Amino acid sequence: MSRQSKLLSRILRHEPDLVGLTLGRGGWIQVDDLLRAMKKAGHRITRDALRQIVAENDKQRFTLSDDGRRIRATQGHSIPVDLELSPSEPPTELFHGTASANLDAIFASGLIPGRRQHVHLSPDQGTALKVGTRHGRPVVLRVNTAAMHADGLIFWRADNGVWLTPSVPSKYLGF
């Protein structure tokens, strides 16, 4: 990921105050305000470069509004943000990639968001494997989302296709 993309992720997901901004409703920031604040903080980026980062980000971490005037991170916030997503019925099964070293804790306590607002679930095993690889020797867990949903647990689908939920109790996890 490019240096500018990493900085953008840090600003839109974790530290908007790094450049003197506050996330608005739905986690949105005006593009003009973002570009101006980044320039003032010594991180010049053009509108075209910003569009390219959004378009080429491998995880599609960012969303531009339909009119191109606002931007936000699709998910992964460590600061309180209501993305204003509607609850959705998930597919029967989703996946979570993690490191094998985390399994004892996961099966004791379930999946918890840690520093993030939500647990992130992948729609396919390949994506979950990539996520798990970042944390050590990867393991892909199957999440029985049909049972979770039937039991009243809530899911949201982020703009980039990642599924979000507050937590996943261990009884819904398997290999």
# chains A, B, ... in the order shown; residues from 1 in each chain; ligands from 1

$ closest_atom_pairs --of "segment 43-145 of chain A" --to "segment 18-22 of chain A" --cutoff "12 Å" --atoms "only C-alpha atoms" --output "CSV"
residue,atom,partner,partner_atom,distance
A:His43,CA,A:Val19,CA,9.3
A:Arg44,CA,A:Val19,CA,11.7
A:Arg72,CA,A:Thr22,CA,11.6
A:Ile79,CA,A:Thr22,CA,10.8
A:Pro80,CA,A:Thr22,CA,11.3
A:Val81,CA,A:Thr22,CA,10.7

$ residues_around --residues "Pro113 of chain A" --least-positions-apart "5" --cutoff "8 Å" --atoms "only C-alpha atoms" --output "PyMOL selection string"
chain A and resi 118-120+166-167

$ closest_residue --among "A:Trp28, A:Asn57, A:Val140, A:His14" --to "Glu84 of chain A" --atoms "only C-alpha atoms"
A:Trp28

$ residues_around --residues "Ser5 of chain A" --least-positions-apart "4" --cutoff "12 Å" --atoms "only C-alpha atoms" --output "list in words"
Met1, Ser9, Arg10, Ile11, Leu12, Arg13, His43, Ile45, Ala49, Leu50, Arg51, Gln52, Ile53, Val54, Ala55, Glu56, Asn57, Asp58, Lys59, Gln60, Arg61, Phe62 and Ala73 of chain A

$ write_last_selection --atoms "N, CA and C atoms" --output "short mmCIF file (atom, residue, chain, number, x, y, z; two decimals), in the first residue's frame"
data_model
loop_
_atom_site.label_atom_id
_atom_site.label_comp_id
_atom_site.auth_asym_id
_atom_site.auth_seq_id
_atom_site.Cartn_x
_atom_site.Cartn_y
_atom_site.Cartn_z
N MET A 1 0.86 -1.18 0.00
CA MET A 1 0.00 0.00 0.00
C MET A 1 0.90 1.24 0.00
N SER A 9 -5.71 6.10 5.19
CA SER A 9 -6.34 5.12 6.07
C SER A 9 -6.24 5.55 7.53
N ARG A 10 -5.08 6.02 7.92
CA ARG A 10 -4.89 6.48 9.30
C ARG A 10 -5.82 7.64 9.63
N ILE A 11 -5.95 8.58 8.71
CA ILE A 11 -6.81 9.75 8.94
C ILE A 11 -8.28 9.35 8.98
N LEU A 12 -8.73 8.57 8.00
CA LEU A 12 -10.17 8.27 7.87
C LEU A 12 -10.65 7.15 8.80
N ARG A 13 -9.73 6.34 9.35
CA ARG A 13 -10.13 5.24 10.21
C ARG A 13 -9.78 5.45 11.68
N HIS A 43 1.31 17.17 3.70
CA HIS A 43 1.07 15.94 2.94
C HIS A 43 0.24 16.28 1.70
N ILE A 45 -1.57 16.14 -1.66
CA ILE A 45 -2.15 15.10 -2.52
C ILE A 45 -3.16 15.80 -3.44
N ALA A 49 -4.94 12.10 -7.64
CA ALA A 49 -4.23 11.07 -6.87
C ALA A 49 -5.15 10.42 -5.85
N LEU A 50 -6.00 11.22 -5.23
CA LEU A 50 -6.96 10.68 -4.27
C LEU A 50 -7.92 9.71 -4.96
N ARG A 51 -8.44 10.10 -6.11
CA ARG A 51 -9.33 9.20 -6.87
C ARG A 51 -8.61 7.91 -7.24
N GLN A 52 -7.34 8.01 -7.61
CA GLN A 52 -6.57 6.83 -7.98
C GLN A 52 -6.38 5.91 -6.78
N ILE A 53 -6.09 6.48 -5.62
CA ILE A 53 -5.94 5.68 -4.40
C ILE A 53 -7.23 4.93 -4.10
N VAL A 54 -8.36 5.62 -4.18
CA VAL A 54 -9.65 4.99 -3.92
C VAL A 54 -9.90 3.86 -4.92
N ALA A 55 -9.64 4.10 -6.20
CA ALA A 55 -9.91 3.12 -7.24
C ALA A 55 -8.98 1.91 -7.17
N GLU A 56 -7.72 2.12 -6.79
CA GLU A 56 -6.73 1.05 -6.86
C GLU A 56 -6.45 0.36 -5.54
N ASN A 57 -7.05 0.81 -4.45
CA ASN A 57 -6.79 0.18 -3.16
C ASN A 57 -7.26 -1.27 -3.20
N ASP A 58 -6.36 -2.19 -2.94
CA ASP A 58 -6.67 -3.61 -3.08
C ASP A 58 -7.79 -4.08 -2.17
N LYS A 59 -7.97 -3.46 -1.05
CA LYS A 59 -9.04 -3.85 -0.13
C LYS A 59 -10.24 -2.91 -0.21
N GLN A 60 -10.20 -1.99 -1.14
CA GLN A 60 -11.27 -1.02 -1.30
C GLN A 60 -11.66 -0.41 0.05
N ARG A 61 -10.65 0.13 0.71
CA ARG A 61 -10.82 0.69 2.04
C ARG A 61 -11.58 2.00 2.06
N PHE A 62 -11.70 2.65 0.89
CA PHE A 62 -12.30 3.99 0.84
C PHE A 62 -13.46 4.04 -0.12
N ALA A 73 -13.77 6.02 5.04
CA ALA A 73 -13.25 4.66 5.10
C ALA A 73 -14.46 3.72 5.13
#

$ select_by_dssp --residues "segment 32-144 of chain A" --states "helix (DSSP H, G or I)" --output "PyMOL selection string"
chain A and resi 32-40+47-56+100-109+125-133

$ write_last_selection --atoms "C-alpha atoms" --output "JSON list (two decimals), in the first residue's frame"
[["chain", "number", "residue", "atom", "x", "y", "z"],
["A", 32, "ASP", "CA", -11.92, 19.68, -0.37],
["A", 33, "ASP", "CA", -11.50, 19.87, 3.42],
["A", 34, "LEU", "CA", -9.37, 16.71, 3.45],
["A", 35, "LEU", "CA", -7.08, 17.89, 0.65],
["A", 36, "ARG", "CA", -6.67, 21.32, 2.24],
["A", 37, "ALA", "CA", -5.96, 19.84, 5.70],
["A", 38, "MET", "CA", -3.45, 17.34, 4.32],
["A", 39, "LYS", "CA", -1.63, 20.09, 2.42],
["A", 40, "LYS", "CA", -1.52, 22.27, 5.53],
["A", 47, "ARG", "CA", -7.73, 15.24, -6.30],
["A", 48, "ASP", "CA", -6.67, 12.92, -9.14],
["A", 49, "ALA", "CA", -4.23, 11.07, -6.87],
["A", 50, "LEU", "CA", -6.96, 10.68, -4.27],
["A", 51, "ARG", "CA", -9.33, 9.20, -6.87],
["A", 52, "GLN", "CA", -6.57, 6.83, -7.98],
["A", 53, "ILE", "CA", -5.94, 5.68, -4.40],
["A", 54, "VAL", "CA", -9.65, 4.99, -3.92],
["A", 55, "ALA", "CA", -9.91, 3.12, -7.24],
["A", 56, "GLU", "CA", -6.73, 1.05, -6.86],
["A", 100, "SER", "CA", -3.09, -20.01, 14.71],
["A", 101, "ALA", "CA", -1.57, -18.53, 17.89],
["A", 102, "ASN", "CA", -4.91, -16.76, 18.55],
["A", 103, "LEU", "CA", -7.10, -19.87, 18.48],
["A", 104, "ASP", "CA", -7.15, -20.66, 22.22],
["A", 105, "ALA", "CA", -8.28, -17.12, 23.07],
["A", 106, "ILE", "CA", -10.81, -17.10, 20.22],
["A", 107, "PHE", "CA", -12.41, -20.38, 21.24],
["A", 108, "ALA", "CA", -12.49, -19.20, 24.88],
["A", 109, "SER", "CA", -13.99, -15.75, 24.24],
["A", 125, "GLN", "CA", -11.94, -18.24, 2.28],
["A", 126, "GLY", "CA", -9.28, -16.69, 0.03],
["A", 127, "THR", "CA", -9.78, -13.20, 1.42],
["A", 128, "ALA", "CA", -9.85, -14.55, 4.99],
["A", 129, "LEU", "CA", -6.58, -16.41, 4.35],
["A", 130, "LYS", "CA", -4.92, -13.18, 3.18],
["A", 131, "VAL", "CA", -6.11, -11.43, 6.34],
["A", 132, "GLY", "CA", -4.84, -14.25, 8.55],
["A", 133, "THR", "CA", -1.44, -14.21, 6.86]]

$ residues_around --residues "Thr92 of chain A" --least-positions-apart "5" --cutoff "10 Å" --atoms "only C-alpha atoms" --output "list in words"
Val143, Asn144, Thr145, Ala146, Ala147, Met148 and His149 of chain A

$ write_last_selection --atoms "N, CA and C atoms" --output "PDB file, in the first residue's frame"
ATOM      1  N   VAL A 143     -17.692 -19.230  10.033  1.00  0.00           N
ATOM      2  CA  VAL A 143     -18.629 -18.608  10.965  1.00  0.00           C
ATOM      3  C   VAL A 143     -20.044 -18.977  10.512  1.00  0.00           C
ATOM      4  N   ASN A 144     -20.785 -19.629  11.388  1.00  0.00           N
ATOM      5  CA  ASN A 144     -22.156 -20.038  11.085  1.00  0.00           C
ATOM      6  C   ASN A 144     -23.073 -18.817  11.249  1.00  0.00           C
ATOM      7  N   THR A 145     -23.072 -17.993  10.226  1.00  0.00           N
ATOM      8  CA  THR A 145     -23.824 -16.744  10.295  1.00  0.00           C
ATOM      9  C   THR A 145     -25.326 -16.974  10.182  1.00  0.00           C
ATOM     10  N   ALA A 146     -25.727 -18.084   9.580  1.00  0.00           N
ATOM     11  CA  ALA A 146     -27.162 -18.395   9.524  1.00  0.00           C
ATOM     12  C   ALA A 146     -27.701 -18.582  10.939  1.00  0.00           C
ATOM     13  N   ALA A 147     -26.974 -19.331  11.757  1.00  0.00           N
ATOM     14  CA  ALA A 147     -27.400 -19.562  13.145  1.00  0.00           C
ATOM     15  C   ALA A 147     -27.327 -18.263  13.954  1.00  0.00           C
ATOM     16  N   MET A 148     -26.281 -17.492  13.734  1.00  0.00           N
ATOM     17  CA  MET A 148     -26.166 -16.216  14.449  1.00  0.00           C
ATOM     18  C   MET A 148     -27.348 -15.315  14.131  1.00  0.00           C
ATOM     19  N   HIS A 149     -27.643 -15.197  12.842  1.00  0.00           N
ATOM     20  CA  HIS A 149     -28.748 -14.337  12.415  1.00  0.00           C
ATOM     21  C   HIS A 149     -30.076 -14.841  12.982  1.00  0.00           C
TER      22      HIS A 149
END

$ closest_residue --among "A:Ala150, A:Phe175, A:Pro91, A:Gly136" --to "Pro123 of chain A" --atoms "only C-alpha atoms"
A:Pro91

$ select_by_dssp --residues "chain A" --states "strand (DSSP E)" --output "ChimeraX atom specification"
/A:29-30,62-64,70-73,93-99,119-121,138-144,156-157,163-165,173-174

$ closest_residue --among "A:Arg115, A:Arg142, A:His77, A:Arg137" --to "Ala99 of chain A" --atoms "only C-alpha atoms"
A:Arg137

$ closest_atom_pairs --of "segment 14-122 of chain A" --to "segment 154-163 of chain A" --cutoff "8 Å" --atoms "only C-alpha atoms" --output "CSV"
residue,atom,partner,partner_atom,distance
A:Lys59,CA,A:Asn160,CA,7.4
A:Gln60,CA,A:Asn160,CA,5.7
A:Arg61,CA,A:Asn160,CA,7.0
A:Thr63,CA,A:Asp159,CA,7.1
A:Thr74,CA,A:Asp159,CA,5.6
A:Gln75,CA,A:Ala158,CA,6.4
A:Leu85,CA,A:Trp156,CA,6.2
A:Ser86,CA,A:Trp156,CA,6.3
A:Pro87,CA,A:Trp156,CA,4.8
A:Ser88,CA,A:Trp156,CA,5.4
A:Glu89,CA,A:Phe155,CA,6.7
A:Pro90,CA,A:Phe155,CA,6.6
A:His120,CA,A:Trp163,CA,5.8
A:Leu121,CA,A:Trp163,CA,5.0
A:Ser122,CA,A:Val162,CA,5.6

$ closest_residue --among "A:Asp17, A:Leu8, A:Gly68, A:Gly42" --to "Gln30 of chain A" --atoms "only C-alpha atoms"
A:Gly68

$ closest_residue --among "A:Val31, A:Phe95, A:Ser78, A:Gly110" --to "Thr46 of chain A" --atoms "only C-alpha atoms"
A:Val31

$ closest_residue --among "A:Leu153, A:Leu111, A:Leu83, A:Leu173" --to "Leu141 of chain A" --atoms "only C-alpha atoms"
A:Leu173
